[in-house]
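I have placed the structure first, in the form of structure tokens, so that the comments after it can refer back to it.
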Amino acid sequence: MVDNDIVFQISNINAWYGEKHVLKDISMRIKQRKVTALIGPSGCGKSTFLRCLNRMNDFIHNFRLEGRILYKAQDLYSPETDPIEVRRTIGMVFQRPNPFPKSIYNNIAYGLQIFGIKDRAKLDAIVEDSLRKAALWDEVKDNLGQNGLALSGGQQQRLCIARAIAVNPEVILFDEPCSALDPVATAKIEDLIMELKNEYTVVIVTHNMQQAARVSDYTGFFMLGDLVEFDDTKKIFTTPANKLTEDYITGRFG
Amino acid sequence: MNRLAYNKLVDRFFKLAALAATIVGLVFLFTLVWDIAHDGAGRISWSFLTSFPSRRPERAGILSALVGTIWIMGLTAVFAFPIGVGAGVYLEEYTKKKNLITRLIEINIANLAGVPSIIYGLLGLGIFVRALSLERSLLTGALTLTLLILPIIIISTREALKAVPFSIREASYALGATRWQTTYRQVLPVALPGILTGTILALSRAIGETAPLITIGALTYIAFLPESVFDPFTVLPIQIFNWVSRPQKGFAVNAAAAIIVLLVLTLILNSIAIYLRHRFQRRIRW
């Protein structure tokens, strides 16, 4: 049963916002160093599901979860699990770019500083390395003191990716990372995601089916809180098993 | 008259009514300032600022009151700022679950901001003067005014924190930061100008308070400067109150001059607040 390729083993989770049942009996396995895409119409629960994976739903006060999510061998929701540690290992990039209102350098250094890394040379090296991996270094290397908010939307989002990479996570969750960006910036982020899977496990929520088809290895289709179908991306987009999936990907609704 | 003409008439009427309301307020304010300036501006001199009060109006000055006011403001700021900000941070950042207790606390704080200041004076008299035996000292005065302005600082801290987008907190938490790290390193720096603005406006309210300080027994005549926080004191409003109640014409002039000094101090505080708010609005573009 121990499969080293499996990073997340999600078993029968149900979730509620107050009385509203938003995730219904979902089970899924997410593989290491692959890109898993979650698609579906608005309000289908895909973002909620993504946020279960690094306990970002903890901040919503009437949110309730049942079921089990194993990250490797660790039960993410057992009382012994420290959500701070979970979020350090499982990073996240959000829908709207949200750099801190600080310099580019400090945006990236912050995640390291809070864990006690003060050595300037080490910080410099990680900042440069993270910006290179996020394909932003060449555009900002002469301007690291500039405020992160002064960058364009696409650059801001790559800064957020660099910031997530800097703390050396094992997984990066993307919550509709391109929905606020233009097509050129979107293409850059997509290239980056395909690059990132060499080192990280990536889970991406997207509204854009072409994006899911382009970047992902596996795709899950959510509707109204149900996981309708989960399979190889190629299979989902060519020969889906479920009629609903087929209707959605061919644009008949959604 | 058709409907359109009627609408336009109503529109013009409200414009005039609003203008009249504005003018009424301004006229009263200018009359007050002009009257005070007319009476007191000639009296302000270096010796007025640096002399102790006296029985003879032409020799009297505001030194002890001015120094007392500065002491009280400084001490009040030192006490009220950390406590007010701490309480605001707790209520806004740490109690996300709205239960009965936090709601009760919130309602109480909002109500406390509206309690008459003399009640705070009585509270100060009971707690600091009597129970803690701090006598009628600077410390008592500052602590009493701290109680008075705490609700205002707490409320403005909460408002400033509410204005910080949640996405900043999310970004920080997603990197594995604790609540304290997120609050201290990301949220508070963004909210700080707003918090400072609120604190300064609260202080500029405290600077004019007379009733609570008289209630705790601050002296009206002091011919020495306090050497420690346990010494007795007086403040500008009390000095003004004292002079206004004297029959001699010369003391009325002194009171007017002291009011000008007090107004200038308040104006300085408010200017700092406006400057900070201006910077705050300009700096943040999400």
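Letters for chains follow the order of the structure tokens (A, B, ...), residue numbers begin at 1 for each chain, and ligand numbers begin at 1 in the order shown.
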Next item on the list: Mind the document's chain letters and residue numbers, and return as a PyMOL selection string the residues of stretch 10-235 of chain A that DSSP labels helix (DSSP H, G or I).
Entry: chain A and resi 46-52+56-59+83-89+104-113+120-133+137-140+148-150+153-166+183-196+209-215+233-235
Interface rows for chain A against chain B: nearest pair, Å to one decimal, 7 Å, only C-alpha atoms, as a tab-separated table:
residue	atom	partner	partner_atom	distance
A:His61	CA	B:Lys97	CA	6.0
A:Ile84	CA	B:Gly176	CA	4.7
A:Glu85	CA	B:Gly176	CA	6.2
A:Arg87	CA	B:Gly176	CA	4.9
A:Arg88	CA	B:Gly176	CA	4.3
A:Gly91	CA	B:Ala174	CA	5.9
A:Met92	CA	B:Ala174	CA	5.8
A:Asn98	CA	B:Ser167	CA	6.1
A:Phe100	CA	B:Ile168	CA	6.3
A:Gly111	CA	B:Leu175	CA	5.8
A:Ile114	CA	B:Ala177	CA	6.7
A:Ala164	CA	B:Leu175	CA	6.7
If you keep C-alpha atoms, can you produce a file of those selected residues as a PDB file, in the first residue's frame?
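Wrote again-v3.pdb, looks like this:
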ATOM      1  CA  HIS A  61     -14.493  30.263  10.997  1.00  0.00           C
ATOM      2  CA  ILE A  84       2.342  26.175  10.289  1.00  0.00           C
ATOM      3  CA  GLU A  85       4.632  23.321   9.301  1.00  0.00           C
ATOM      4  CA  ARG A  87       1.987  25.426   5.020  1.00  0.00           C
ATOM      5  CA  ARG A  88       5.749  25.634   4.975  1.00  0.00           C
ATOM      6  CA  GLY A  91       3.220  26.413  -0.578  1.00  0.00           C
ATOM      7  CA  MET A  92       0.520  28.352  -2.328  1.00  0.00           C
ATOM      8  CA  ASN A  98      -0.592  39.435  -3.580  1.00  0.00           C
ATOM      9  CA  PHE A 100       3.686  42.298   0.244  1.00  0.00           C
ATOM     10  CA  GLY A 111       9.693  33.582   4.272  1.00  0.00           C
ATOM     11  CA  ILE A 114      10.640  34.166   9.787  1.00  0.00           C
ATOM     12  CA  ALA A 164       6.706  30.395  -2.564  1.00  0.00           C
TER      13      ALA A 164
END
Checklist line | Non-local contacts of B:Ala257 (9 Å; only C-alpha atoms; under 4 positions in same chain excluded) as a PyMOL selection string | finding: chain B and resi 36-37+39-44+48+252-253+261-262
Notebook entry, point to check: Hey, what does DSSP flag as strand (DSSP E) within stretch 54-226 of chain A? Can you give it to me as JSON, numbers by chain?
Noted result: {"A": [63, 64, 65, 66, 67, 68, 69, 70, 71, 74, 75, 90, 91, 92, 93, 171, 172, 173, 174, 175, 201, 202, 203, 204, 205, 218, 219, 220, 221, 222, 223, 226]}
Note to self: Which residues are near A:Ile69? Cut-off 10 Å, only C-alpha atoms, ignore same chain within fewer than 2 positions. Put them as a PyMOL selection string.
What the structure shows: chain A and resi 8-13+27-29+52-53+66-67+71-78
Checklist line | Atom-to-atom span, atom CA of B:Arg277 and atom CA of B:Phe81, Å | finding: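 The value is 17.4 Å.
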Checklist line | Distance criterion (only C-alpha atoms): nearest to B:Ile62 out of B:Leu196, B:Val244, B:Ile107, B:Leu49 | finding: B:Leu49
Next item on the list: Quick one: everything within 10 Å of B:Val229, counting only C-alpha atoms, minus sequence neighbours fewer than 3 positions away in the same chain. Send it as a ChimeraX atom specification.
Entry: /B:71-72,75,134,137-142,226,232-233
Keeping only N, CA, C and O atoms, take the residues you just selected and write them out as an mmCIF file, in the first residue's frame.
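The file below, result.cif, is the result:
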data_model
loop_
_atom_site.group_PDB
_atom_site.id
_atom_site.type_symbol
_atom_site.label_atom_id
_atom_site.label_comp_id
_atom_site.auth_asym_id
_atom_site.auth_seq_id
_atom_site.Cartn_x
_atom_site.Cartn_y
_atom_site.Cartn_z
ATOM 1 N N TRP B 71 3.900 66.832 29.739
ATOM 2 C CA TRP B 71 4.112 65.613 30.534
ATOM 3 C C TRP B 71 2.927 64.651 30.397
ATOM 4 O O TRP B 71 3.094 63.464 30.109
ATOM 5 N N ILE B 72 1.731 65.206 30.628
ATOM 6 C CA ILE B 72 0.529 64.366 30.611
ATOM 7 C C ILE B 72 0.329 63.731 29.237
ATOM 8 O O ILE B 72 0.035 62.532 29.125
ATOM 9 N N LEU B 75 3.040 60.954 28.745
ATOM 10 C CA LEU B 75 2.758 59.753 29.550
ATOM 11 C C LEU B 75 1.518 59.018 29.029
ATOM 12 O O LEU B 75 1.507 57.793 28.924
ATOM 13 N N LEU B 134 -1.860 56.814 44.514
ATOM 14 C CA LEU B 134 -0.924 57.549 43.654
ATOM 15 C C LEU B 134 -1.066 59.050 43.839
ATOM 16 O O LEU B 134 -0.363 59.829 43.190
ATOM 17 N N SER B 137 -1.132 62.926 41.266
ATOM 18 C CA SER B 137 0.146 63.046 40.566
ATOM 19 C C SER B 137 -0.031 63.024 39.049
ATOM 20 O O SER B 137 -1.109 62.720 38.538
ATOM 21 N N LEU B 138 1.074 63.327 38.357
ATOM 22 C CA LEU B 138 1.101 63.191 36.897
ATOM 23 C C LEU B 138 0.667 61.800 36.470
ATOM 24 O O LEU B 138 -0.071 61.624 35.502
ATOM 25 N N LEU B 139 1.139 60.793 37.228
ATOM 26 C CA LEU B 139 0.832 59.404 36.900
ATOM 27 C C LEU B 139 -0.679 59.178 36.940
ATOM 28 O O LEU B 139 -1.262 58.582 36.011
ATOM 29 N N THR B 140 -1.327 59.678 37.995
ATOM 30 C CA THR B 140 -2.775 59.537 38.095
ATOM 31 C C THR B 140 -3.475 60.204 36.914
ATOM 32 O O THR B 140 -4.361 59.627 36.292
ATOM 33 N N GLY B 141 -3.039 61.440 36.625
ATOM 34 C CA GLY B 141 -3.659 62.174 35.515
ATOM 35 C C GLY B 141 -3.505 61.428 34.200
ATOM 36 O O GLY B 141 -4.479 61.263 33.446
ATOM 37 N N ALA B 142 -2.289 60.940 33.916
ATOM 38 C CA ALA B 142 -2.037 60.260 32.652
ATOM 39 C C ALA B 142 -2.823 58.954 32.568
ATOM 40 O O ALA B 142 -3.391 58.624 31.525
ATOM 41 N N PRO B 226 7.091 69.743 37.826
ATOM 42 C CA PRO B 226 7.186 68.386 38.355
ATOM 43 C C PRO B 226 8.577 67.793 38.074
ATOM 44 O O PRO B 226 9.148 68.035 37.009
ATOM 45 N N PRO B 232 2.666 66.539 41.882
ATOM 46 C CA PRO B 232 1.427 67.171 41.438
ATOM 47 C C PRO B 232 1.659 68.015 40.192
ATOM 48 O O PRO B 232 2.794 68.363 39.859
ATOM 49 N N PHE B 233 0.575 68.347 39.518
ATOM 50 C CA PHE B 233 0.706 69.020 38.227
ATOM 51 C C PHE B 233 -0.538 69.856 37.965
ATOM 52 O O PHE B 233 -1.556 69.734 38.650
#
Note to self: Using only C-alpha atoms, which protein or nucleic acid residues come within 6 Å of A:Glu176? Drop anything in the same chain fewer than 6 positions from it, and give the result as a list of chain:residue names.
What the structure shows: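 In the requested format, the answer is A:Gln95, A:Val205, A:Thr206.
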Check: Taking only C-alpha atoms into account, which of B:Val164, B:Leu147, B:Ile238, B:Ile153 comes nearest B:Ser117?
Finding: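 The shortest atom-to-atom distance to B:Ser117 comes from B:Leu147.
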